[in-house]
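Visitor: The following file, coords.csv, comprises CSV, C-alpha atoms:
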chain,number,residue,atom,x,y,z
E,4,MET,CA,0.0,0.0,0.0
E,5,HIS,CA,1.4,3.3,-1.0
E,6,LYS,CA,2.8,5.4,1.8
E,7,LEU,CA,4.8,8.6,1.9
E,8,ILE,CA,7.7,8.2,-0.6
E,9,LEU,CA,10.9,9.1,1.1
E,10,PRO,CA,14.6,8.3,0.5
E,11,LEU,CA,15.7,4.9,1.6
E,12,LEU,CA,19.3,5.2,0.8
E,13,ALA,CA,21.9,6.1,3.4
E,14,SER,CA,23.6,8.3,0.7
E,15,ALA,CA,21.9,11.2,-0.9
E,16,THR,CA,22.9,10.2,-4.4
E,17,LEU,CA,23.5,6.9,-6.2
E,18,ALA,CA,25.0,7.1,-9.7
E,19,ILE,CA,23.5,4.1,-11.4
E,20,ALA,CA,22.6,4.5,-15.1
E,21,VAL,CA,20.1,2.4,-16.8
E,22,PRO,CA,21.8,1.1,-20.0
E,23,ALA,CA,20.8,3.1,-23.0
E,24,LEU,CA,19.3,1.4,-26.0
E,25,GLY,CA,20.8,2.1,-29.4
E,26,GLN,CA,18.8,4.0,-32.0
E,27,ASP,CA,18.3,0.7,-33.9
E,28,ALA,CA,16.8,-0.7,-30.7
E,29,LYS,CA,13.8,1.7,-30.5
E,30,PRO,CA,11.2,-0.1,-32.5
E,31,LEU,CA,8.3,1.8,-30.8
E,32,ALA,CA,9.8,5.2,-31.1
E,33,GLY,CA,7.2,7.9,-31.7
E,34,GLN,CA,4.4,6.2,-29.8
E,35,SER,CA,2.9,7.8,-26.7
E,36,ILE,CA,1.4,6.3,-23.6
E,37,THR,CA,-0.2,7.6,-20.4
E,38,VAL,CA,0.9,6.3,-17.0
E,39,LEU,CA,-1.1,6.8,-13.8
E,40,MET,CA,0.8,6.4,-10.5
E,41,PRO,CA,0.7,7.8,-7.0
E,42,SER,CA,2.4,11.0,-6.2
E,43,PRO,CA,5.2,11.8,-5.8
E,44,GLN,CA,7.4,10.1,-8.4
E,45,GLY,CA,10.9,10.8,-9.6
E,46,PRO,CA,11.1,14.0,-11.8
E,47,ASN,CA,12.9,12.4,-14.7
E,48,ILE,CA,10.9,9.2,-15.3
E,49,ALA,CA,9.2,10.3,-18.5
E,50,SER,CA,12.3,12.0,-20.0
E,51,ASP,CA,14.6,9.1,-19.2
E,52,PHE,CA,12.2,6.5,-20.6
E,53,GLU,CA,11.7,8.5,-23.8
E,54,ALA,CA,15.5,9.0,-24.2
E,55,GLU,CA,16.0,5.2,-24.1
E,56,THR,CA,13.0,4.0,-26.0
E,57,GLY,CA,11.7,6.9,-28.1
E,58,ILE,CA,8.3,6.4,-26.4
E,59,HIS,CA,6.7,9.5,-25.0
E,60,VAL,CA,5.1,9.2,-21.6
E,61,ASP,CA,2.4,11.4,-20.2
E,62,LEU,CA,3.0,10.6,-16.5
E,63,GLN,CA,0.0,11.5,-14.4
E,64,THR,CA,0.0,11.4,-10.6
E,65,LEU,CA,-2.7,11.5,-7.9
E,66,SER,CA,-2.7,10.9,-4.2
E,67,TRP,CA,-2.9,7.2,-3.5
E,68,ASP,CA,-6.4,7.4,-2.0
E,69,ASP,CA,-7.7,9.1,-5.2
E,70,ILE,CA,-6.4,6.6,-7.7
E,71,ARG,CA,-8.6,3.6,-7.0
E,72,PRO,CA,-11.9,5.6,-7.5
E,73,LYS,CA,-10.6,7.0,-10.8
E,74,LEU,CA,-9.6,3.5,-12.0
E,75,VAL,CA,-12.9,1.9,-11.1
E,76,THR,CA,-15.0,4.7,-12.6
E,77,ALA,CA,-13.1,4.5,-15.9
E,78,LEU,CA,-12.9,0.7,-16.1
E,79,VAL,CA,-16.6,0.2,-15.2
E,80,ALA,CA,-17.4,2.5,-18.2
E,81,GLY,CA,-15.1,0.5,-20.4
E,82,THR,CA,-12.6,3.3,-20.9
E,83,ALA,CA,-8.8,3.2,-20.2
E,84,PRO,CA,-7.8,5.4,-17.2
E,85,ALA,CA,-4.3,5.1,-18.6
E,86,ASP,CA,-2.2,2.7,-20.6
E,87,VAL,CA,-0.2,1.7,-17.4
E,88,THR,CA,-1.7,2.1,-14.0
E,89,GLU,CA,-1.0,1.6,-10.3
E,90,PHE,CA,-2.2,-1.7,-9.0
E,91,ASP,CA,-2.2,-2.2,-5.2
E,92,TRP,CA,-2.0,-5.6,-3.6
E,93,SER,CA,-5.3,-5.0,-1.9
E,94,TRP,CA,-7.2,-4.5,-5.2
E,95,THR,CA,-6.0,-7.9,-6.7
E,96,GLY,CA,-9.1,-9.9,-5.9
E,97,GLN,CA,-11.6,-7.2,-7.0
E,98,PHE,CA,-9.8,-6.3,-10.2
E,99,SER,CA,-9.2,-9.9,-11.1
E,100,ALA,CA,-12.9,-10.8,-10.6
E,101,ALA,CA,-13.9,-7.9,-12.8
E,102,GLY,CA,-11.5,-9.0,-15.6
E,103,TRP,CA,-10.2,-5.5,-16.1
E,104,TYR,CA,-6.5,-6.2,-16.5
E,105,MET,CA,-4.3,-7.9,-19.0
E,106,PRO,CA,-2.5,-11.1,-17.8
E,107,LEU,CA,1.3,-10.5,-18.2
E,108,ASN,CA,2.5,-14.1,-18.0
E,109,ASP,CA,3.4,-14.2,-21.7
E,110,VAL,CA,5.3,-10.9,-21.8
E,111,ILE,CA,7.3,-11.0,-18.6
E,112,ASP,CA,10.1,-13.5,-18.4
E,113,ALA,CA,10.3,-16.3,-15.8
E,114,ASP,CA,13.6,-14.9,-14.3
E,115,THR,CA,11.9,-11.6,-13.6
E,116,VAL,CA,9.0,-13.3,-11.8
E,117,LYS,CA,11.5,-15.4,-9.8
E,118,ASP,CA,13.5,-12.4,-8.9
E,119,ILE,CA,10.4,-10.5,-7.8
E,120,GLY,CA,9.1,-12.9,-5.2
E,121,VAL,CA,6.1,-10.7,-4.2
E,122,ALA,CA,4.7,-11.1,-7.7
E,123,LYS,CA,2.8,-14.1,-6.4
E,124,ILE,CA,0.6,-11.6,-4.5
E,125,PHE,CA,-0.6,-10.3,-7.9
E,126,THR,CA,-1.2,-13.8,-9.4
E,127,VAL,CA,-4.8,-15.1,-9.4
E,128,ASP,CA,-5.7,-18.4,-11.0
E,129,GLY,CA,-2.3,-18.5,-12.6
E,130,LYS,CA,-2.7,-15.1,-14.2
E,131,LEU,CA,0.0,-12.5,-13.4
E,132,LEU,CA,-1.9,-9.2,-13.3
E,133,GLY,CA,0.7,-6.8,-12.1
E,134,ILE,CA,4.5,-6.5,-11.8
E,135,PRO,CA,5.5,-5.1,-8.4
E,136,TYR,CA,7.7,-2.0,-8.5
E,137,THR,CA,7.9,-1.0,-4.8
E,138,ASN,CA,8.4,-3.4,-2.0
E,139,ASP,CA,6.3,-2.4,1.0
E,140,PHE,CA,6.4,-4.9,3.9
E,141,ARG,CA,6.4,-4.6,7.6
E,142,VAL,CA,9.4,-4.3,9.8
E,143,MET,CA,9.7,-2.7,13.3
E,144,LEU,CA,11.3,0.8,13.5
E,145,VAL,CA,13.0,1.7,16.7
E,146,ASN,CA,14.8,4.7,18.2
E,147,LYS,CA,18.0,3.0,19.1
E,148,LYS,CA,19.1,5.9,21.3
E,149,HIS,CA,16.0,5.5,23.5
E,150,PHE,CA,16.9,1.9,23.9
E,151,THR,CA,20.5,2.7,24.8
E,152,ASP,CA,19.5,5.4,27.2
E,153,ALA,CA,17.3,2.9,29.0
E,154,GLY,CA,20.2,0.4,29.3
E,155,ILE,CA,18.8,-2.0,26.7
E,156,THR,CA,21.6,-3.5,24.8
E,157,GLU,CA,19.8,-6.2,22.8
E,158,MET,CA,16.9,-5.5,20.5
E,159,PRO,CA,13.8,-7.6,21.2
E,160,LYS,CA,13.1,-10.7,19.3
E,161,THR,CA,9.9,-11.7,21.2
E,162,LEU,CA,6.8,-9.8,22.0
E,163,ASP,CA,7.5,-10.3,25.7
E,164,ALA,CA,10.9,-8.7,25.3
E,165,LEU,CA,9.4,-5.9,23.4
E,166,VAL,CA,6.9,-5.1,26.2
E,167,ALA,CA,9.7,-5.3,28.7
E,168,ALA,CA,11.9,-2.9,26.7
E,169,ALA,CA,9.0,-0.4,26.3
E,170,LYS,CA,8.4,-0.5,30.1
E,171,LYS,CA,12.1,0.2,30.7
E,172,ILE,CA,12.0,3.2,28.3
E,173,LYS,CA,8.9,4.5,30.0
E,174,GLU,CA,10.3,4.0,33.5
E,175,LYS,CA,13.5,5.9,32.4
E,176,GLY,CA,11.3,8.9,31.6
E,177,THR,CA,12.6,9.1,28.0
E,178,VAL,CA,9.1,9.2,26.6
E,179,GLU,CA,5.6,8.8,28.2
E,180,TYR,CA,4.2,6.5,25.5
E,181,PRO,CA,7.0,4.3,24.0
E,182,ILE,CA,5.0,2.4,21.4
E,183,GLY,CA,3.4,3.9,18.3
E,184,LEU,CA,0.3,1.9,17.3
E,185,PRO,CA,-2.7,3.3,15.3
E,186,VAL,CA,-6.0,2.1,16.7
E,187,SER,CA,-8.2,4.6,14.8
E,188,ALA,CA,-10.8,3.5,12.2
E,189,THR,CA,-8.2,3.6,9.4
E,190,GLU,CA,-6.3,1.1,7.3
E,191,GLY,CA,-3.2,1.5,9.5
E,192,ALA,CA,-5.1,-0.1,12.4
E,193,SER,CA,-6.1,-3.0,10.2
E,194,THR,CA,-2.5,-3.7,9.0
E,195,SER,CA,-1.1,-3.4,12.5
E,196,TRP,CA,-3.5,-6.1,13.7
E,197,TYR,CA,-2.7,-8.3,10.7
E,198,LEU,CA,1.0,-8.1,11.6
E,199,LEU,CA,0.4,-8.9,15.2
E,200,THR,CA,-1.8,-11.8,14.2
E,201,LYS,CA,1.2,-13.1,12.2
E,202,ALA,CA,3.4,-12.4,15.2
E,203,PHE,CA,1.2,-14.6,17.4
E,204,GLY,CA,1.7,-17.4,14.9
E,205,GLY,CA,-1.6,-17.4,13.1
E,206,GLU,CA,-3.5,-16.5,10.0
E,207,LEU,CA,-6.8,-14.5,9.4
E,208,PHE,CA,-8.7,-17.2,7.5
E,209,ASP,CA,-8.4,-20.9,6.6
E,210,LYS,CA,-8.2,-21.9,2.9
E,211,ASP,CA,-12.0,-21.6,2.6
E,212,PHE,CA,-12.0,-18.1,4.1
E,213,ASN,CA,-13.5,-19.2,7.4
E,214,PRO,CA,-12.4,-16.8,10.2
E,215,LEU,CA,-9.6,-18.1,12.4
E,216,PHE,CA,-9.7,-15.2,15.0
E,217,THR,CA,-12.8,-15.6,17.1
E,218,SER,CA,-11.5,-18.2,19.6
E,219,PRO,CA,-9.6,-16.8,22.7
E,220,ASP,CA,-6.7,-19.1,21.9
E,221,SER,CA,-6.4,-17.8,18.3
E,222,ALA,CA,-3.7,-15.5,17.1
E,223,GLY,CA,-6.0,-12.8,16.0
E,224,TYR,CA,-7.8,-12.7,19.3
E,225,LYS,CA,-4.5,-12.6,21.2
E,226,ALA,CA,-3.3,-9.8,18.9
E,227,LEU,CA,-6.2,-7.5,19.8
E,228,ALA,CA,-5.9,-8.4,23.4
E,229,PHE,CA,-2.2,-7.5,23.2
E,230,GLU,CA,-3.0,-4.1,21.7
E,231,LEU,CA,-5.6,-3.3,24.5
E,232,MET,CA,-3.0,-4.4,27.1
E,233,LEU,CA,-0.5,-1.9,25.6
E,234,LEU,CA,-3.1,0.8,25.9
E,235,LYS,CA,-4.0,-0.2,29.5
E,236,GLU,CA,-0.4,-0.3,30.6
E,237,GLY,CA,0.2,3.2,29.3
E,238,LEU,CA,2.6,2.1,26.6
E,239,VAL,CA,0.5,3.5,23.7
E,240,ASP,CA,-0.9,7.0,23.7
E,241,PRO,CA,-4.7,7.0,24.2
E,242,ALA,CA,-4.9,9.7,21.5
E,243,SER,CA,-4.0,6.9,19.0
E,244,THR,CA,-7.7,6.1,18.8
E,245,GLY,CA,-8.0,9.2,16.6
E,246,LEU,CA,-4.6,9.1,14.7
E,247,LYS,CA,-3.7,7.7,11.4
E,248,ASP,CA,-0.4,5.7,11.1
E,249,SER,CA,1.1,8.6,9.1
E,250,GLN,CA,0.3,11.0,11.9
E,251,ILE,CA,1.9,8.7,14.5
E,252,ASN,CA,5.0,8.3,12.3
E,253,GLU,CA,5.4,12.0,11.5
E,254,SER,CA,4.1,13.8,14.6
E,255,MET,CA,5.3,11.4,17.2
E,256,PHE,CA,8.0,8.9,16.1
E,257,ALA,CA,9.9,11.4,13.9
E,258,GLN,CA,9.7,14.0,16.8
E,259,GLY,CA,11.2,11.6,19.4
E,260,ILE,CA,7.8,11.3,21.2
E,261,THR,CA,7.6,7.5,20.7
E,262,SER,CA,10.4,4.9,20.6
E,263,ILE,CA,8.9,2.0,18.7
E,264,MET,CA,6.7,1.7,15.6
E,265,ILE,CA,5.0,-1.7,15.8
E,266,SER,CA,4.1,-1.8,12.2
E,267,GLY,CA,7.1,0.0,10.6
E,268,GLU,CA,7.4,1.0,7.0
E,269,PRO,CA,10.8,0.6,5.3
E,270,GLY,CA,10.1,3.7,3.1
E,271,ARG,CA,10.2,5.9,6.1
E,272,LEU,CA,13.8,5.2,7.1
E,273,GLY,CA,15.1,8.0,4.9
E,274,GLN,CA,12.7,10.6,6.4
E,275,MET,CA,13.4,9.5,9.9
E,276,ASN,CA,17.1,9.9,9.4
E,277,ASP,CA,16.9,13.2,7.5
E,278,PRO,CA,17.7,16.1,9.8
E,279,LYS,CA,15.4,18.4,7.7
E,280,GLN,CA,12.4,16.2,8.4
E,281,SER,CA,13.1,14.5,11.7
E,282,LYS,CA,14.3,15.3,15.2
E,283,VAL,CA,15.6,11.8,15.5
E,284,ALA,CA,18.0,11.7,12.6
E,285,GLY,CA,20.7,9.1,13.1
E,286,GLN,CA,18.8,7.4,15.8
E,287,VAL,CA,16.3,5.2,13.8
E,288,GLU,CA,16.9,1.7,12.5
E,289,ALA,CA,14.8,-1.2,11.4
E,290,ILE,CA,14.7,-4.5,13.3
E,291,LEU,CA,13.1,-7.8,12.5
E,292,VAL,CA,9.5,-8.0,13.7
E,293,PRO,CA,9.4,-9.6,17.2
E,294,THR,CA,6.9,-12.5,17.6
E,295,ALA,CA,5.6,-14.7,20.3
E,296,SER,CA,8.0,-17.5,19.3
E,297,GLY,CA,11.0,-15.4,18.5
E,298,GLU,CA,10.9,-16.4,14.8
E,299,THR,CA,10.2,-13.3,12.8
E,300,ARG,CA,7.3,-13.0,10.3
E,301,SER,CA,6.0,-10.3,8.0
E,302,PHE,CA,3.6,-9.7,5.2
E,303,GLY,CA,3.7,-7.7,2.0
E,304,LEU,CA,1.8,-4.7,0.9
E,305,PRO,CA,3.5,-4.2,-2.5
E,306,GLU,CA,2.4,-2.0,-5.4
E,307,ALA,CA,2.6,-3.0,-9.0
E,308,LEU,CA,2.2,-1.7,-12.5
E,309,ALA,CA,-0.5,-3.2,-14.6
E,310,ILE,CA,-2.1,-2.7,-18.1
E,311,PRO,CA,-5.9,-2.4,-18.5
E,312,ASN,CA,-7.4,-4.7,-21.2
E,313,VAL,CA,-8.8,-1.6,-22.9
E,314,SER,CA,-5.4,0.1,-23.2
E,315,PRO,CA,-5.0,1.0,-26.9
E,316,ASN,CA,-1.1,1.0,-26.7
E,317,LYS,CA,-0.3,-2.3,-25.1
E,318,GLU,CA,3.1,-2.9,-26.7
E,319,ALA,CA,4.5,0.4,-25.6
E,320,ALA,CA,2.8,-0.1,-22.2
E,321,ILE,CA,4.6,-3.4,-21.8
E,322,ALA,CA,7.9,-1.7,-22.6
E,323,PHE,CA,7.4,0.8,-19.8
E,324,VAL,CA,6.5,-1.9,-17.3
E,325,LYS,CA,9.6,-3.8,-18.2
E,326,TRP,CA,11.8,-0.7,-18.0
E,327,PHE,CA,10.4,0.5,-14.7
E,328,THR,CA,10.7,-2.8,-13.0
E,329,SER,CA,14.2,-3.7,-14.3
E,330,LYS,CA,17.0,-4.3,-11.8
E,331,ASP,CA,19.0,-1.2,-12.9
E,332,PHE,CA,16.1,1.1,-12.7
E,333,GLN,CA,15.0,-0.2,-9.3
E,334,LYS,CA,18.4,0.5,-8.0
E,335,LYS,CA,18.3,4.0,-9.4
E,336,ASN,CA,14.8,4.6,-8.2
E,337,ALA,CA,15.7,3.6,-4.6
E,338,VAL,CA,17.1,7.2,-4.3
E,339,ASN,CA,13.4,8.3,-4.5
E,340,GLY,CA,12.4,6.0,-1.6
E,341,PHE,CA,11.2,3.0,-3.6
E,342,LEU,CA,12.4,-0.2,-1.9
E,343,PRO,CA,13.3,-2.6,-4.8
E,344,THR,CA,11.0,-5.6,-5.3
E,345,ARG,CA,13.8,-7.5,-7.0
E,346,THR,CA,15.8,-9.6,-4.5
E,347,SER,CA,18.9,-9.0,-6.7
E,348,ALA,CA,18.5,-5.2,-6.6
E,349,LEU,CA,17.9,-5.2,-2.9
E,350,SER,CA,21.0,-7.3,-2.2
E,351,GLU,CA,23.2,-5.3,-4.5
E,352,LEU,CA,22.2,-2.0,-2.8
E,353,ASN,CA,22.9,-3.5,0.6
E,354,GLU,CA,26.2,-4.9,-0.4
E,355,SER,CA,27.2,-1.4,-1.6
E,356,GLY,CA,26.4,-0.1,1.9
E,357,LYS,CA,23.9,2.4,0.5
E,358,LEU,CA,20.7,1.0,2.2
E,359,ASN,CA,19.5,2.2,5.6
E,360,SER,CA,19.2,-0.8,7.9
E,361,GLY,CA,20.1,-2.9,4.9
E,362,ASP,CA,20.8,-6.2,6.7
E,363,ALA,CA,17.5,-6.1,8.5
E,364,LEU,CA,15.5,-5.2,5.4
E,365,VAL,CA,17.1,-7.9,3.3
E,366,ALA,CA,16.5,-10.5,6.2
E,367,GLN,CA,12.9,-9.4,6.7
E,368,SER,CA,12.2,-9.4,3.0
E,369,LYS,CA,13.0,-13.1,2.9
E,370,THR,CA,10.2,-13.7,5.4
E,371,VAL,CA,7.5,-11.7,3.6
E,372,GLU,CA,4.3,-13.7,3.1
E,373,PRO,CA,1.0,-12.8,1.4
E,374,LEU,CA,-1.6,-11.7,3.8
E,375,PHE,CA,-4.0,-14.0,1.9
E,376,PRO,CA,-2.2,-17.1,0.7
E,377,GLN,CA,-5.1,-18.0,-1.6
E,378,GLY,CA,-5.1,-14.4,-3.1
E,379,THR,CA,-6.5,-11.1,-1.9
E,380,PRO,CA,-10.3,-11.5,-2.1
E,381,PRO,CA,-12.5,-9.0,-3.9
E,382,TRP,CA,-14.2,-8.1,-0.6
E,383,TYR,CA,-11.0,-7.1,1.1
E,384,PRO,CA,-11.9,-3.3,1.3
E,385,GLN,CA,-15.2,-4.0,3.1
E,386,PHE,CA,-13.5,-6.5,5.4
E,387,SER,CA,-10.7,-4.1,6.3
E,388,SER,CA,-13.2,-1.4,7.1
E,389,GLY,CA,-15.0,-3.8,9.5
E,390,VAL,CA,-11.6,-4.7,11.1
E,391,ASN,CA,-10.5,-1.1,11.9
E,392,THR,CA,-14.0,0.0,13.0
E,393,ALA,CA,-14.1,-2.9,15.5
E,394,ILE,CA,-10.5,-2.3,16.7
E,395,ASN,CA,-11.3,1.4,17.2
E,396,SER,CA,-14.4,0.6,19.3
E,397,ALA,CA,-12.5,-1.9,21.4
E,398,ALA,CA,-9.7,0.6,22.0
E,399,LYS,CA,-12.2,3.2,23.1
E,400,GLY,CA,-13.7,0.7,25.6
E,401,GLN,CA,-16.9,0.3,23.7
E,402,MET,CA,-16.4,-3.3,22.8
E,403,SER,CA,-14.7,-6.3,24.5
E,404,VAL,CA,-12.2,-8.4,22.6
E,405,ASP,CA,-14.9,-11.1,22.2
E,406,GLN,CA,-17.4,-8.6,20.8
E,407,ALA,CA,-14.8,-7.0,18.5
E,408,MET,CA,-13.8,-10.4,17.0
E,409,GLU,CA,-17.4,-11.3,16.4
E,410,ALA,CA,-17.9,-8.0,14.8
E,411,ILE,CA,-15.0,-8.6,12.5
E,412,ALA,CA,-16.2,-12.1,11.6
E,413,SER,CA,-19.6,-10.6,10.9
E,414,ALA,CA,-18.1,-8.0,8.7
E,415,ALA,CA,-16.2,-10.7,6.8
E,416,LYS,CA,-19.4,-12.7,6.2
E,417,GLN,CA,-21.3,-9.6,5.0
E,418,ALA,CA,-18.4,-8.6,2.7
E,419,MET,CA,-18.3,-12.1,1.1
E,420,ALA,CA,-22.0,-12.0,0.5
E,421,GLN,CA,-21.9,-8.8,-1.5
Step by step, read the file and then write its structure as structure tokens.
Guide:
Amino acid sequence: MHKLILPLLASATLAIAVPALGQDAKPLAGQSITVLMPSPQGPNIASDFEAETGIHVDLQTLSWDDIRPKLVTALVAGTAPADVTEFDWSWTGQFSAAGWYMPLNDVIDADTVKDIGVAKIFTVDGKLLGIPYTNDFRVMLVNKKHFTDAGITEMPKTLDALVAAAKKIKEKGTVEYPIGLPVSATEGASTSWYLLTKAFGGELFDKDFNPLFTSPDSAGYKALAFELMLLKEGLVDPASTGLKDSQINESMFAQGITSIMISGEPGRLGQMNDPKQSKVAGQVEAILVPTASGETRSFGLPEALAIPNVSPNKEAAIAFVKWFTSKDFQKKNAVNGFLPTRTSALSELNESGKLNSGDALVAQSKTVEPLFPQGTPPWYPQFSSGVNTAINSAAKGQMSVDQAMEAIASAAKQAMAQ
């Protein structure tokens, strides 16, 4: 899921050139395509691609929240919103069911699919509908200075150790509320609960989409109980019931008001370590997600590029998708805050010493699982809304854990029935 795009690299510049194509290797020169992506994007994308291929690009950007409504409106009407569009992991089920997008299996080589492991999140019934270009998954972000000041020398690997560390930081008086956790009626609350469900060793649904979170001994139930415990113990700010994850990141963690982001975003490492944007520059690092067992887990929220079936310029659109997701361009684009989806690109950046918390990001990337192993269902948006509404009510004391889990199960059932 698209978040704030910020530099990931430890260095401000990275001189990596995408190999230029010769004049005789521009068979599509003179063609034009439109590309619709979230803002912001690198300033030279269109000019660089045209220089190398001769294909003109009209790059259009919107806020991430505004893209899906534009896509749906156009595609329902049978018109192309663009030749190449954003395609978020959470839209996969709905867009696949609608048959709006072109399968890319025959135009993207097998080595690319193997190198981009999260491509499986965009594969439904054997059809590859999008090629991931930015690798969003969950890690934990910590203020290492706060840990050191509290006398903590080893980063937590288990949830119990995490709670113990947070209590030490609070007792030290470094911050009042050490843990950043959104519990508002927003997507950030949903994704945090999903991560903690994984951390407690479970899944949301079985293979037939029967809920696995209603029993008190289930991982999802324990995850919400854990969140409410953090609130009760004064480790999470009560104001978090009304805050988005972006607000907690920018107004609290980046200001040194919290020490730990439970559901951390790799793309924020550059911002957090930039003195112009953060009061904690040089203090923030990513660590592997602690779990109940001590064996880390995570899930992916990647974004892809895809081509609508109604695109009139498919050949040039395919050329753009290949170029934008190539290893060389992914390494170059990391300067703009896009974590590569290619394992090879991520490893090479880390080996060069240019990636903030590189070892942790590479290690965590190898544990990334799809949230829905059977594919993101078309009813995901309605389900997620039910999840964060129930979490918010529980965090405000308006629901028990039992009631919240039943409400989420009911929301899932209603979403599936629509």
Visitor: List the spatial neighbours of Ala307 (chain E) as a compact mmCIF listing (two decimals) with C-alpha atoms, keeping the file's coordinate frame - criterion: any atom at most 10 Å away, all atoms listed in the file, same-chain residues fewer than 5 positions off excluded.
Guide:
# COMPACT_ATOMS: atom_id res chain seq x y z
CA MET E 4 0.00 0.00 0.00
CA MET E 40 0.80 6.40 -10.50
CA THR E 88 -1.70 2.10 -14.00
CA GLU E 89 -1.00 1.60 -10.30
CA PHE E 90 -2.20 -1.70 -9.00
CA ASP E 91 -2.20 -2.20 -5.20
CA TRP E 92 -2.00 -5.60 -3.60
CA VAL E 121 6.10 -10.70 -4.20
CA ALA E 122 4.70 -11.10 -7.70
CA ILE E 124 0.60 -11.60 -4.50
CA PHE E 125 -0.60 -10.30 -7.90
CA LEU E 132 -1.90 -9.20 -13.30
CA GLY E 133 0.70 -6.80 -12.10
CA ILE E 134 4.50 -6.50 -11.80
CA PRO E 135 5.50 -5.10 -8.40
CA TYR E 136 7.70 -2.00 -8.50
CA THR E 137 7.90 -1.00 -4.80
CA ASN E 138 8.40 -3.40 -2.00
CA VAL E 324 6.50 -1.90 -17.30
CA THR E 328 10.70 -2.80 -13.00
CA THR E 344 11.00 -5.60 -5.30
Visitor: Quick one: of E:Val186, E:Val116, E:Val371, E:Ala363, who's nearest to Ser396 (chain E), counting all atoms listed in the file?
Guide: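 Using all atoms listed in the file, Ser396 (chain E) sits closest to E:Val186.
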Visitor: At what distance in Å, to one decimal, does CA of Ile182 (chain E) lie from CA of Leu233 (chain E)?
Guide: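 Separation between CA of Leu233 (chain E) and CA of Ile182 (chain E): 8.1 Å.
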Visitor: Separation of CA of Ser249 (chain E) and CA of Leu165 (chain E), in Å?
Guide: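 Result for CA of Ser249 (chain E) versus CA of Leu165 (chain E): 22.0 Å, one decimal.
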Visitor: To one decimal in Å, tell me the separation between CA of Ile251 (chain E) and CA of Ala192 (chain E).
Guide: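 We find that CA of Ile251 (chain E) and CA of Ala192 (chain E) lie 11.4 Å from each other.
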Visitor: Excluding Ala80 (chain E) and any residue of its chain fewer than 5 positions from it, enumerate the residues within 12 Å of it, using all atoms listed in the file, and give them as a list in words.
Guide: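 Non-adjacent residues within range: Lys73, Leu74, Val75, Trp103 and Val313 of chain E.
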Visitor: Write the selection just made, keeping C-alpha atoms, as a PDB file, in the frame of the given file?
Guide:
ATOM      1  CA  LYS E  73     -10.600   7.000 -10.800  1.00  0.00           C
ATOM      2  CA  LEU E  74      -9.600   3.500 -12.000  1.00  0.00           C
ATOM      3  CA  VAL E  75     -12.900   1.900 -11.100  1.00  0.00           C
ATOM      4  CA  TRP E 103     -10.200  -5.500 -16.100  1.00  0.00           C
ATOM      5  CA  VAL E 313      -8.800  -1.600 -22.900  1.00  0.00           C
TER       6      VAL E 313
END
Visitor: Using all atoms listed in the file, which residue out of E:Thr346, E:Thr95, E:Gln286, E:Gln385 lies closest to Lys416 (chain E)?
Guide: E:Gln385
Visitor: Please complete region 78-88 of chain E with N, CA and C atoms and give it back as a compact mmCIF listing (two decimals), in the frame of the given file.
Guide:
# COMPACT_ATOMS: atom_id res chain seq x y z
N LEU E 78 -12.89 2.10 -15.64
CA LEU E 78 -12.90 0.70 -16.10
C LEU E 78 -14.36 0.16 -16.13
N VAL E 79 -15.20 0.60 -15.20
CA VAL E 79 -16.60 0.20 -15.20
C VAL E 79 -17.26 0.73 -16.53
N ALA E 80 -16.82 1.92 -16.94
CA ALA E 80 -17.40 2.50 -18.20
C ALA E 80 -16.75 1.96 -19.42
N GLY E 81 -15.73 1.10 -19.26
CA GLY E 81 -15.10 0.50 -20.40
C GLY E 81 -14.07 1.37 -21.09
N THR E 82 -13.58 2.39 -20.38
CA THR E 82 -12.60 3.30 -20.90
C THR E 82 -11.25 3.08 -20.17
N ALA E 83 -10.15 3.41 -20.82
CA ALA E 83 -8.80 3.20 -20.20
C ALA E 83 -8.48 4.45 -19.36
N PRO E 84 -8.27 4.27 -18.03
CA PRO E 84 -7.80 5.40 -17.20
C PRO E 84 -6.40 5.82 -17.59
N ALA E 85 -5.62 4.87 -18.12
CA ALA E 85 -4.30 5.10 -18.60
C ALA E 85 -3.80 3.82 -19.26
N ASP E 86 -2.70 3.88 -19.99
CA ASP E 86 -2.20 2.70 -20.60
C ASP E 86 -1.47 1.77 -19.56
N VAL E 87 -0.88 2.41 -18.56
CA VAL E 87 -0.20 1.70 -17.40
C VAL E 87 -0.77 2.35 -16.16
N THR E 88 -1.20 1.53 -15.21
CA THR E 88 -1.70 2.10 -14.00
C THR E 88 -1.13 1.46 -12.73
